[in-house]
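The structure file coords_27.cif is reproduced below (mmCIF, C-alpha atoms and all ligand atoms).
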```
data_structure
#
loop_
_atom_site.group_PDB
_atom_site.id
_atom_site.type_symbol
_atom_site.label_atom_id
_atom_site.label_comp_id
_atom_site.auth_asym_id
_atom_site.auth_seq_id
_atom_site.Cartn_x
_atom_site.Cartn_y
_atom_site.Cartn_z
ATOM 1 C CA MET A 1 11.207 10.090 -22.539
ATOM 2 C CA ASN A 2 7.916 11.642 -21.589
ATOM 3 C CA ASN A 3 7.494 15.085 -20.172
ATOM 4 C CA VAL A 4 6.471 14.220 -16.640
ATOM 5 C CA TRP A 5 6.918 15.825 -13.239
ATOM 6 C CA PHE A 6 10.271 14.115 -12.669
ATOM 7 C CA SER A 7 11.665 14.273 -16.206
ATOM 8 C CA GLU A 8 14.176 17.029 -15.423
ATOM 9 C CA TRP A 9 15.711 15.224 -12.478
ATOM 10 C CA ARG A 10 19.381 14.346 -12.915
ATOM 11 C CA HIS A 11 20.406 14.058 -9.268
ATOM 12 C CA VAL A 12 18.286 12.930 -6.356
ATOM 13 C CA PHE A 13 18.995 12.298 -2.690
ATOM 14 C CA LYS A 14 17.072 9.437 -1.106
ATOM 15 C CA LEU A 15 16.307 9.863 2.565
ATOM 16 C CA ASP A 16 15.221 7.064 4.853
ATOM 17 C CA PRO A 17 12.484 8.005 7.352
ATOM 18 C CA ASP A 18 13.914 5.413 9.731
ATOM 19 C CA LYS A 19 17.293 7.206 9.949
ATOM 20 C CA GLU A 20 18.131 10.356 11.894
ATOM 21 C CA ILE A 21 19.181 13.478 10.044
ATOM 22 C CA SER A 22 19.930 16.805 11.712
ATOM 23 C CA ASP A 23 18.316 20.082 10.641
ATOM 24 C CA GLU A 24 21.730 21.374 9.527
ATOM 25 C CA MET A 25 22.336 18.368 7.307
ATOM 26 C CA LEU A 26 18.843 18.505 5.873
ATOM 27 C CA ASP A 27 19.326 22.188 5.111
ATOM 28 C CA ALA A 28 22.602 21.452 3.319
ATOM 29 C CA LEU A 29 20.991 18.683 1.259
ATOM 30 C CA CYS A 30 17.933 20.694 0.295
ATOM 31 C CA THR A 31 19.969 23.741 -0.749
ATOM 32 C CA SER A 32 22.740 21.744 -2.441
ATOM 33 C CA GLY A 33 21.325 22.109 -5.943
ATOM 34 C CA THR A 34 19.971 18.566 -6.077
ATOM 35 C CA ASP A 35 16.825 18.219 -8.159
ATOM 36 C CA ALA A 36 14.683 16.370 -5.654
ATOM 37 C CA ILE A 37 14.450 14.339 -2.505
ATOM 38 C CA ILE A 38 12.904 10.894 -2.556
ATOM 39 C CA VAL A 39 11.702 9.577 0.774
ATOM 40 C CA GLY A 40 11.903 5.825 0.975
ATOM 41 C CA GLY A 41 13.485 2.863 2.658
ATOM 42 C CA SER A 42 13.293 -0.877 3.036
ATOM 43 C CA SER A 43 12.428 -1.229 6.723
ATOM 44 C CA GLY A 44 11.113 0.658 9.735
ATOM 45 C CA ILE A 45 8.793 2.923 7.713
ATOM 46 C CA THR A 46 5.857 4.299 9.711
ATOM 47 C CA PHE A 47 3.232 6.968 9.111
ATOM 48 C CA GLU A 48 4.801 9.101 11.837
ATOM 49 C CA ASN A 49 8.415 9.017 10.691
ATOM 50 C CA THR A 50 7.336 9.608 7.077
ATOM 51 C CA VAL A 51 5.131 12.620 7.936
ATOM 52 C CA ASP A 52 7.866 14.012 10.130
ATOM 53 C CA LEU A 53 10.513 13.842 7.407
ATOM 54 C CA MET A 54 8.117 15.169 4.743
ATOM 55 C CA SER A 55 7.162 18.206 6.798
ATOM 56 C CA ARG A 56 10.829 19.045 7.418
ATOM 57 C CA ILE A 57 11.688 18.789 3.699
ATOM 58 C CA ARG A 58 8.618 20.745 2.617
ATOM 59 C CA ARG A 59 10.071 23.931 4.066
ATOM 60 C CA TYR A 60 12.357 23.976 1.031
ATOM 61 C CA GLU A 61 11.572 24.716 -2.576
ATOM 62 C CA LEU A 62 12.474 21.447 -4.180
ATOM 63 C CA ASP A 63 10.504 18.449 -5.317
ATOM 64 C CA CYS A 64 9.850 15.874 -2.659
ATOM 65 C CA ALA A 65 8.492 12.477 -3.675
ATOM 66 C CA LEU A 66 7.553 9.389 -1.734
ATOM 67 C CA GLU A 67 8.377 5.860 -2.735
ATOM 68 C CA VAL A 68 5.381 3.977 -1.434
ATOM 69 C CA THR A 69 6.503 0.601 -0.136
ATOM 70 C CA THR A 70 4.100 0.006 2.760
ATOM 71 C CA MET A 71 0.490 0.844 3.516
ATOM 72 C CA GLU A 72 1.502 2.450 6.828
ATOM 73 C CA GLY A 73 3.876 4.797 5.044
ATOM 74 C CA ALA A 74 1.369 6.021 2.424
ATOM 75 C CA VAL A 75 1.280 9.663 3.482
ATOM 76 C CA PRO A 76 -0.590 12.457 1.635
ATOM 77 C CA GLY A 77 1.086 15.779 0.903
ATOM 78 C CA PHE A 78 4.106 14.838 -1.213
ATOM 79 C CA ASP A 79 4.704 16.495 -4.597
ATOM 80 C CA GLY A 80 4.830 13.102 -6.245
ATOM 81 C CA TYR A 81 4.547 9.383 -5.611
ATOM 82 C CA PHE A 82 6.459 6.416 -6.944
ATOM 83 C CA VAL A 83 5.100 2.904 -6.750
ATOM 84 C CA PRO A 84 7.894 0.346 -7.119
ATOM 85 C CA LEU A 85 7.227 -2.913 -8.938
ATOM 86 C CA VAL A 86 10.086 -5.363 -8.492
ATOM 87 C CA LEU A 87 10.426 -7.019 -11.863
ATOM 88 C CA ASN A 88 13.130 -9.609 -11.246
ATOM 89 C CA THR A 89 11.398 -11.712 -8.634
ATOM 90 C CA ASP A 90 9.206 -14.777 -8.930
ATOM 91 C CA ARG A 91 7.102 -13.600 -6.011
ATOM 92 C CA ALA A 92 4.072 -11.935 -7.560
ATOM 93 C CA GLU A 93 3.266 -10.079 -4.342
ATOM 94 C CA TRP A 94 6.249 -7.771 -5.069
ATOM 95 C CA ILE A 95 5.329 -7.271 -8.723
ATOM 96 C CA ILE A 96 1.633 -6.466 -8.341
ATOM 97 C CA GLY A 97 0.209 -8.153 -5.238
ATOM 98 C CA ARG A 98 0.893 -5.553 -2.576
ATOM 99 C CA GLN A 99 0.257 -2.751 -5.018
ATOM 100 C CA ILE A 100 -3.237 -4.171 -5.655
ATOM 101 C CA GLU A 101 -3.845 -4.331 -1.902
ATOM 102 C CA GLY A 102 -2.754 -0.717 -1.631
ATOM 103 C CA LEU A 103 -5.082 0.348 -4.410
ATOM 104 C CA ARG A 104 -8.015 -1.466 -2.827
ATOM 105 C CA GLU A 105 -7.424 0.599 0.286
ATOM 106 C CA PHE A 106 -6.282 3.937 -1.135
ATOM 107 C CA GLY A 107 -7.120 3.819 -4.850
ATOM 108 C CA SER A 108 -9.655 6.629 -4.689
ATOM 109 C CA PHE A 109 -7.123 8.973 -3.043
ATOM 110 C CA VAL A 110 -4.257 8.497 -5.481
ATOM 111 C CA PRO A 111 -3.168 11.713 -7.262
ATOM 112 C CA TRP A 112 -2.695 9.935 -10.589
ATOM 113 C CA GLU A 113 -1.068 12.854 -12.421
ATOM 114 C CA GLU A 114 1.742 12.868 -9.873
ATOM 115 C CA THR A 115 2.025 9.115 -9.447
ATOM 116 C CA ALA A 116 4.334 6.863 -11.433
ATOM 117 C CA ALA A 117 5.291 3.207 -11.388
ATOM 118 C CA GLN A 118 8.963 2.330 -11.170
ATOM 119 C CA GLY A 119 10.146 -0.938 -12.667
ATOM 120 C CA TYR A 120 12.821 -1.999 -10.211
ATOM 121 C CA ILE A 121 15.550 -4.359 -11.344
ATOM 122 C CA ILE A 122 17.543 -5.211 -8.225
ATOM 123 C CA LEU A 123 21.056 -6.371 -9.049
ATOM 124 C CA ASN A 124 22.777 -6.556 -5.634
ATOM 125 C CA GLU A 125 21.770 -9.767 -3.894
ATOM 126 C CA GLU A 126 23.015 -8.354 -0.561
ATOM 127 C CA ALA A 127 20.614 -5.408 -0.629
ATOM 128 C CA THR A 128 17.787 -5.568 1.911
ATOM 129 C CA ALA A 129 15.259 -5.047 -0.869
ATOM 130 C CA ALA A 130 16.717 -8.023 -2.770
ATOM 131 C CA LYS A 131 16.469 -10.254 0.275
ATOM 132 C CA VAL A 132 12.947 -9.163 1.170
ATOM 133 C CA THR A 133 11.628 -9.621 -2.362
ATOM 134 C CA GLU A 134 13.810 -12.641 -3.216
ATOM 135 C CA ALA A 135 15.032 -10.834 -6.284
ATOM 136 C CA LYS A 136 17.009 -12.836 -8.815
ATOM 137 C CA ALA A 137 19.883 -10.399 -8.704
ATOM 138 C CA ALA A 138 22.442 -12.347 -10.740
ATOM 139 C CA LEU A 139 21.150 -11.385 -14.181
ATOM 140 C CA ASP A 140 23.495 -11.676 -17.104
ATOM 141 C CA GLU A 141 23.539 -9.110 -19.861
ATOM 142 C CA ALA A 142 21.032 -10.906 -22.099
ATOM 143 C CA GLU A 143 18.583 -11.363 -19.220
ATOM 144 C CA LEU A 144 18.904 -7.746 -18.194
ATOM 145 C CA ILE A 145 18.137 -6.626 -21.730
ATOM 146 C CA SER A 146 14.994 -8.782 -21.722
ATOM 147 C CA TYR A 147 13.863 -7.187 -18.469
ATOM 148 C CA ILE A 148 14.470 -3.743 -19.913
ATOM 149 C CA GLN A 149 12.504 -4.623 -23.049
ATOM 150 C CA MET A 150 9.664 -5.950 -20.905
ATOM 151 C CA ALA A 151 9.560 -2.826 -18.739
ATOM 152 C CA ASP A 152 10.207 -0.271 -21.470
ATOM 153 C CA ARG A 153 8.407 -1.644 -24.518
ATOM 154 C CA LEU A 154 5.747 -4.040 -23.272
ATOM 155 C CA MET A 155 4.794 -2.582 -19.917
ATOM 156 C CA ARG A 156 5.682 0.994 -20.919
ATOM 157 C CA LEU A 157 6.708 1.844 -17.388
ATOM 158 C CA PRO A 158 7.737 5.491 -16.998
ATOM 159 C CA VAL A 159 10.744 4.662 -14.806
ATOM 160 C CA ILE A 160 13.199 1.791 -14.884
ATOM 161 C CA TYR A 161 15.307 1.704 -11.732
ATOM 162 C CA ILE A 162 18.589 -0.192 -11.801
ATOM 163 C CA GLU A 163 19.073 -0.809 -8.097
ATOM 164 C CA TYR A 164 22.379 -1.844 -6.518
ATOM 165 C CA SER A 165 21.570 -0.350 -3.117
ATOM 166 C CA GLY A 166 24.653 -0.623 -0.893
ATOM 167 C CA ARG A 167 27.150 -1.428 -3.634
ATOM 168 C CA PHE A 168 28.416 0.397 -6.713
ATOM 169 C CA GLY A 169 27.136 -1.470 -9.721
ATOM 170 C CA ASP A 170 28.462 -2.841 -12.965
ATOM 171 C CA MET A 171 28.656 0.167 -15.276
ATOM 172 C CA ASN A 172 28.823 -2.094 -18.324
ATOM 173 C CA LEU A 173 25.399 -3.475 -17.448
ATOM 174 C CA LEU A 174 24.139 0.045 -16.841
ATOM 175 C CA LYS A 175 25.402 1.026 -20.265
ATOM 176 C CA ARG A 176 23.549 -1.885 -21.850
ATOM 177 C CA ALA A 177 20.426 -0.811 -20.007
ATOM 178 C CA ARG A 178 20.816 2.742 -21.291
ATOM 179 C CA ASP A 179 21.407 1.537 -24.842
ATOM 180 C CA THR A 180 18.212 -0.532 -24.674
ATOM 181 C CA VAL A 181 15.840 1.961 -23.061
ATOM 182 C CA GLU A 182 13.735 3.979 -25.491
ATOM 183 C CA HIS A 183 10.842 5.409 -23.502
ATOM 184 C CA ALA A 184 11.452 5.088 -19.784
ATOM 185 C CA GLN A 185 13.511 7.365 -17.597
ATOM 186 C CA LEU A 186 16.460 5.315 -16.369
ATOM 187 C CA PHE A 187 17.223 5.693 -12.670
ATOM 188 C CA TYR A 188 20.413 4.290 -11.180
ATOM 189 C CA GLY A 189 21.073 3.903 -7.464
ATOM 190 C CA GLY A 190 23.662 2.062 -5.435
ATOM 191 C CA GLY A 191 27.009 2.802 -3.854
ATOM 192 C CA ILE A 192 27.481 6.300 -5.216
ATOM 193 C CA ASP A 193 29.831 7.560 -2.540
ATOM 194 C CA THR A 194 32.260 9.799 -4.454
ATOM 195 C CA ALA A 195 32.045 12.539 -7.061
ATOM 196 C CA ASP A 196 33.744 10.230 -9.577
ATOM 197 C CA ARG A 197 31.167 7.501 -9.140
ATOM 198 C CA ALA A 198 28.382 10.053 -9.434
ATOM 199 C CA ARG A 199 29.874 11.296 -12.693
ATOM 200 C CA GLU A 200 30.298 7.777 -14.038
ATOM 201 C CA ALA A 201 26.730 6.712 -13.264
ATOM 202 C CA ALA A 202 25.250 10.029 -14.410
ATOM 203 C CA ALA A 203 26.948 9.654 -17.783
ATOM 204 C CA LEU A 204 24.765 6.573 -18.346
ATOM 205 C CA ALA A 205 21.568 6.929 -16.317
ATOM 206 C CA HIS A 206 19.101 9.757 -16.800
ATOM 207 C CA THR A 207 18.776 10.150 -13.038
ATOM 208 C CA ILE A 208 21.101 9.055 -10.259
ATOM 209 C CA VAL A 209 20.003 8.394 -6.706
ATOM 210 C CA VAL A 210 22.375 8.974 -3.790
ATOM 211 C CA GLY A 211 21.370 7.338 -0.529
ATOM 212 C CA ASN A 212 23.508 5.731 2.106
ATOM 213 C CA VAL A 213 26.570 7.969 1.828
ATOM 214 C CA ILE A 214 24.430 10.797 3.247
ATOM 215 C CA TYR A 215 24.614 8.965 6.563
ATOM 216 C CA THR A 216 28.237 7.816 6.361
ATOM 217 C CA ASP A 217 30.219 10.599 4.635
ATOM 218 C CA PHE A 218 28.150 13.738 4.360
ATOM 219 C CA ALA A 219 30.752 15.843 2.523
ATOM 220 C CA ALA A 220 31.093 13.135 -0.125
ATOM 221 C CA ALA A 221 27.303 13.051 -0.522
ATOM 222 C CA ILE A 222 27.199 16.788 -1.151
ATOM 223 C CA SER A 223 30.070 16.523 -3.654
ATOM 224 C CA THR A 224 27.966 14.284 -5.900
ATOM 225 C CA VAL A 225 25.641 17.179 -6.759
ATOM 226 C CA ASP A 226 28.262 19.284 -8.522
ATOM 227 C CA ALA A 227 29.725 16.203 -10.158
ATOM 228 C CA VAL A 228 26.394 15.550 -11.868
ATOM 229 C CA ARG A 229 25.968 19.192 -12.816
ATOM 230 C CA GLN A 230 29.216 18.897 -14.780
ATOM 231 C CA THR A 231 27.916 15.989 -16.865
ATOM 232 C CA LYS A 232 25.450 16.467 -19.695
HETATM 233 C C1 LIG B 1 18.746 2.992 -2.593
HETATM 234 O O1 LIG B 1 19.268 3.315 -4.898
HETATM 235 C C2 LIG B 1 19.301 3.910 -3.637
HETATM 236 O O2 LIG B 1 17.438 2.633 -2.909
HETATM 237 C C3 LIG B 1 20.658 4.451 -3.296
HETATM 238 O O3 LIG B 1 21.582 3.430 -2.996
HETATM 239 O O4 LIG B 1 22.027 3.790 -0.579
HETATM 240 O O5 LIG B 1 23.684 2.566 -2.017
HETATM 241 O O6 LIG B 1 23.341 5.049 -2.270
HETATM 242 P P1 LIG B 1 22.721 3.715 -1.914
#
```

Show the structure stored in the file as C-alpha cells.
Ligand code: 1GP
Amino acid sequence: MNNVWFSEWRHVFKLDPDKEISDEMLDALCTSGTDAIIVGGSSGITFENTVDLMSRIRRYELDCALEVTTMEGAVPGFDGYFVPLVLNTDRAEWIIGRQIEGLREFGSFVPWEETAAQGYIILNEEATAAKVTEAKAALDEAELISYIQMADRLMRLPVIYIEYSGRFGDMNLLKRARDTVEHAQLFYGGGIDTADRAREAAALAHTIVVGNVIYTDFAAAISTVDAVRQTK
C-alpha cells in the first residue's frame, strides 16, 4: 500500500449532506477517535448542503474528504477528494463518462496530490448506488477476483471499495478480496451497525466505512470506533 493522505485510516464515518445531523451528534462523531469523515451520498447532493456540512466538520481536527459524485456537489476546501469509478457496471458513464465531464469542467482546479480514484465494486443489488449505476452486483468469487485484479494490478487504483451499502456483506468474499489485493487500500462499507460487525470487517479490510447506522442507532455507530481500535 502506498503512503498517501488516507493510508492510516482504519475507521471512517460517512456522512450524507442530504441528511440532518445535530451539532451534538456531529461533535460526538468528530471527537470519537475515528480517523476521518467522508462526505458523500447517492442522492440529494447540492453545493449548499455539501458546503454546510463541510464547514461544520472543519471545526474539528480530523481529516474530512469528499466523495465527488455530482458536478453540483464538487466543493473546494476539503482535505481530500475521492472520485468513485464503478467497476462492475456495463454503463461506461459510471466508469469514466461522468468523471471525464467533471474534468472538462473542473480539471484545472483539482488538487491532484489530495485526490484519489476509488474502484467501487458494488455487491448489494438493493443499494441506491447499484440501482442508479445498474451495477452487476451478483458477482461470484471468481468474478470478484478478476475485478480486484483489474483494479489493483492493471488499473493500479489506490483504493478498492467493496460496497454493500445498506446490508452487511459476505465476509468470505471480503476475505478473498483482501487475499487478492496487493497495492490498493481496501475499503469496506455496508451494514456495519454493531461493534462485532465492525471488528469482523476491520479484520479483513484496511479501512471500514460506517454510514447509515449513524442516523438509526447513534450509540451503536459510536461503538464501532473502539471496536476497530481493538483490531490490528
Ligand atoms: C455507504 O459504504 C457506506 O457508501 C456505508 O454503508 O450506510 O450501510 O453503513 P452503510

Legend entry - Spatial neighbours of Arg229 (chain A), max dist 10 Å, only C-alpha atoms, sep filter under 5 positions, as a PyMOL selection string: chain A and resi 10-11+33-34+199+202+224

Padding 4 Å on every side, please: axis-aligned box over the listed atoms of ligand LIG 1 (chain B), centre and edge lengths to one decimal in Å, as JSON.
```
{"center_x": 20.6, "center_y": 3.8, "center_z": -2.7, "size_x": 14.2, "size_y": 10.5, "size_z": 12.3}
```

To verify the selection step, state as a PDB file with C-alpha atoms, in the coordinates of the input which residues the PyMOL selection byres (((chain A and resi 180) around 12) and not hetatm) yields on this input.
```pdb
ATOM      1  CA  GLU A 141      23.539  -9.110 -19.861  1.00  0.00           C
ATOM      2  CA  ALA A 142      21.032 -10.906 -22.099  1.00  0.00           C
ATOM      3  CA  LEU A 144      18.904  -7.746 -18.194  1.00  0.00           C
ATOM      4  CA  ILE A 145      18.137  -6.626 -21.730  1.00  0.00           C
ATOM      5  CA  SER A 146      14.994  -8.782 -21.722  1.00  0.00           C
ATOM      6  CA  TYR A 147      13.863  -7.187 -18.469  1.00  0.00           C
ATOM      7  CA  ILE A 148      14.470  -3.743 -19.913  1.00  0.00           C
ATOM      8  CA  GLN A 149      12.504  -4.623 -23.049  1.00  0.00           C
ATOM      9  CA  MET A 150       9.664  -5.950 -20.905  1.00  0.00           C
ATOM     10  CA  ALA A 151       9.560  -2.826 -18.739  1.00  0.00           C
ATOM     11  CA  ASP A 152      10.207  -0.271 -21.470  1.00  0.00           C
ATOM     12  CA  ARG A 153       8.407  -1.644 -24.518  1.00  0.00           C
ATOM     13  CA  ILE A 160      13.199   1.791 -14.884  1.00  0.00           C
ATOM     14  CA  LEU A 173      25.399  -3.475 -17.448  1.00  0.00           C
ATOM     15  CA  LEU A 174      24.139   0.045 -16.841  1.00  0.00           C
ATOM     16  CA  LYS A 175      25.402   1.026 -20.265  1.00  0.00           C
ATOM     17  CA  ARG A 176      23.549  -1.885 -21.850  1.00  0.00           C
ATOM     18  CA  ALA A 177      20.426  -0.811 -20.007  1.00  0.00           C
ATOM     19  CA  ARG A 178      20.816   2.742 -21.291  1.00  0.00           C
ATOM     20  CA  ASP A 179      21.407   1.537 -24.842  1.00  0.00           C
ATOM     21  CA  VAL A 181      15.840   1.961 -23.061  1.00  0.00           C
ATOM     22  CA  GLU A 182      13.735   3.979 -25.491  1.00  0.00           C
ATOM     23  CA  HIS A 183      10.842   5.409 -23.502  1.00  0.00           C
ATOM     24  CA  ALA A 184      11.452   5.088 -19.784  1.00  0.00           C
ATOM     25  CA  GLN A 185      13.511   7.365 -17.597  1.00  0.00           C
ATOM     26  CA  LEU A 186      16.460   5.315 -16.369  1.00  0.00           C
ATOM     27  CA  LEU A 204      24.765   6.573 -18.346  1.00  0.00           C
ATOM     28  CA  ALA A 205      21.568   6.929 -16.317  1.00  0.00           C
TER      29      ALA A 205
END
```

Legend entry - Counting only C-alpha atoms and all ligand atoms, the option among A:Tyr188, A:Trp94, A:Phe106, A:Tyr81 closest to ligand LIG 1 (chain B):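 Looking only at the distances to ligand LIG 1 (chain B), the closest residue turns out to be A:Tyr188.
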
Counting only C-alpha atoms and all ligand atoms, which residues of chain A sit at most 8 Å from some atom of ligand LIG 1 (chain B), and what is each one's closest atom pair with its distance in Å to one decimal, listed by chain and rising residue number, as JSON lines?
```
{"residue": "A:Lys14", "atom": "CA", "partner": "B:LIG1", "partner_atom": "C2", "distance": 6.5}
{"residue": "A:Gly40", "atom": "CA", "partner": "B:LIG1", "partner_atom": "O2", "distance": 7.5}
{"residue": "A:Gly41", "atom": "CA", "partner": "B:LIG1", "partner_atom": "O2", "distance": 6.8}
{"residue": "A:Ile162", "atom": "CA", "partner": "B:LIG1", "partner_atom": "O1", "distance": 7.8}
{"residue": "A:Glu163", "atom": "CA", "partner": "B:LIG1", "partner_atom": "O1", "distance": 5.2}
{"residue": "A:Tyr164", "atom": "CA", "partner": "B:LIG1", "partner_atom": "O1", "distance": 6.2}
{"residue": "A:Ser165", "atom": "CA", "partner": "B:LIG1", "partner_atom": "O5", "distance": 3.8}
{"residue": "A:Gly166", "atom": "CA", "partner": "B:LIG1", "partner_atom": "O5", "distance": 3.5}
{"residue": "A:Arg167", "atom": "CA", "partner": "B:LIG1", "partner_atom": "O5", "distance": 5.5}
{"residue": "A:Phe168", "atom": "CA", "partner": "B:LIG1", "partner_atom": "O5", "distance": 7.0}
{"residue": "A:Tyr188", "atom": "CA", "partner": "B:LIG1", "partner_atom": "O1", "distance": 6.5}
{"residue": "A:Gly189", "atom": "CA", "partner": "B:LIG1", "partner_atom": "O1", "distance": 3.2}
{"residue": "A:Gly190", "atom": "CA", "partner": "B:LIG1", "partner_atom": "O5", "distance": 3.5}
{"residue": "A:Gly191", "atom": "CA", "partner": "B:LIG1", "partner_atom": "O5", "distance": 3.8}
{"residue": "A:Ile192", "atom": "CA", "partner": "B:LIG1", "partner_atom": "O6", "distance": 5.2}
{"residue": "A:Asp193", "atom": "CA", "partner": "B:LIG1", "partner_atom": "O6", "distance": 7.0}
{"residue": "A:Val209", "atom": "CA", "partner": "B:LIG1", "partner_atom": "C3", "distance": 5.3}
{"residue": "A:Val210", "atom": "CA", "partner": "B:LIG1", "partner_atom": "O6", "distance": 4.3}
{"residue": "A:Gly211", "atom": "CA", "partner": "B:LIG1", "partner_atom": "O6", "distance": 3.5}
{"residue": "A:Asn212", "atom": "CA", "partner": "B:LIG1", "partner_atom": "O4", "distance": 3.6}
{"residue": "A:Val213", "atom": "CA", "partner": "B:LIG1", "partner_atom": "O6", "distance": 6.0}
```

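CA of Leu87 (chain A) is found 17.7 Å from CA of Gly169 (chain A).
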
Inset, instruction - Considering only C-alpha atoms, state which residue in the set A:Ile121, A:Ala135, A:Val228, A:Leu15 is at the smallest distance from Phe187 (chain A). - result: A:Ile121

Inset, instruction - Determine the nearest neighbour of Glu93 (chain A) from the options A:Thr133, A:Glu20, A:Ala220, A:Val110, counting all atoms listed in the file. - result: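 Distance minimum relative to Glu93 (chain A) lands on A:Thr133.
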
Inset, instruction - Identify, on the basis of only C-alpha atoms, every residue whose closest approach to region 65-72 of chain A does not exceed 8 Å; exclude the query and any residue fewer than 4 positions from it along the same chain; express the result as a list in words. - result: Ala36, Ile37, Ile38, Val39, Gly40, Gly41, Ser42, Ile45, Thr46, Phe47, Phe78, Asp79, Gly80, Tyr81, Phe82, Val83, Pro84 and Gly102 of chain A

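One finds CA of Leu29 (chain A) at 15.1 Å from CA of Trp9 (chain A).
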
Inset, instruction - Kindly indicate which residue among A:Leu157, A:Leu139, A:Ile208, A:Val51 lies nearest to Val225 (chain A), using all atoms listed in the file for the distances. - result: A:Ile208

Inset, instruction - Report the residues retrieved by the PyMOL selection byres (((chain A and resi 85) around 6) and not hetatm) from the displayed file, expressed as a PyMOL selection string. - result: chain A and resi 84+86-87+95+118-120

Inset, instruction - Go ahead and compute the interatomic distance for CA of Lys136 (chain A) and CA of Arg197 (chain A), in Å to one decimal. - result: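 Pair CA of Lys136 (chain A) / CA of Arg197 (chain A) returns 24.8 Å.
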
Legend entry - Pick from A:Glu125, A:Ala203, A:Cys30, A:Asp196 nearest to Thr89 (chain A), counting all atoms listed in the file: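 Of the candidates, the smallest distance to Thr89 (chain A) is held by A:Glu125.
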
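Closest approach to Phe13 (chain A) among A:Asn172, A:Asp35, A:Ser55, A:Glu101: A:Asp35, based on all atoms listed in the file.
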
Which residues, written as a compact mmCIF listing (two decimals) with C-alpha atoms, keeping the file's coordinate frame, have at least one atom at most 10 Å from Leu26 (chain A), with all atoms listed in the file counted and residues fewer than 6 positions away on the same chain left out?
```txt
# COMPACT_ATOMS: atom_id res chain seq x y z
CA LEU A 15 16.31 9.86 2.56
CA SER A 32 22.74 21.74 -2.44
CA LEU A 53 10.51 13.84 7.41
CA ARG A 56 10.83 19.05 7.42
CA ILE A 57 11.69 18.79 3.70
CA TYR A 60 12.36 23.98 1.03
CA ILE A 214 24.43 10.80 3.25
```
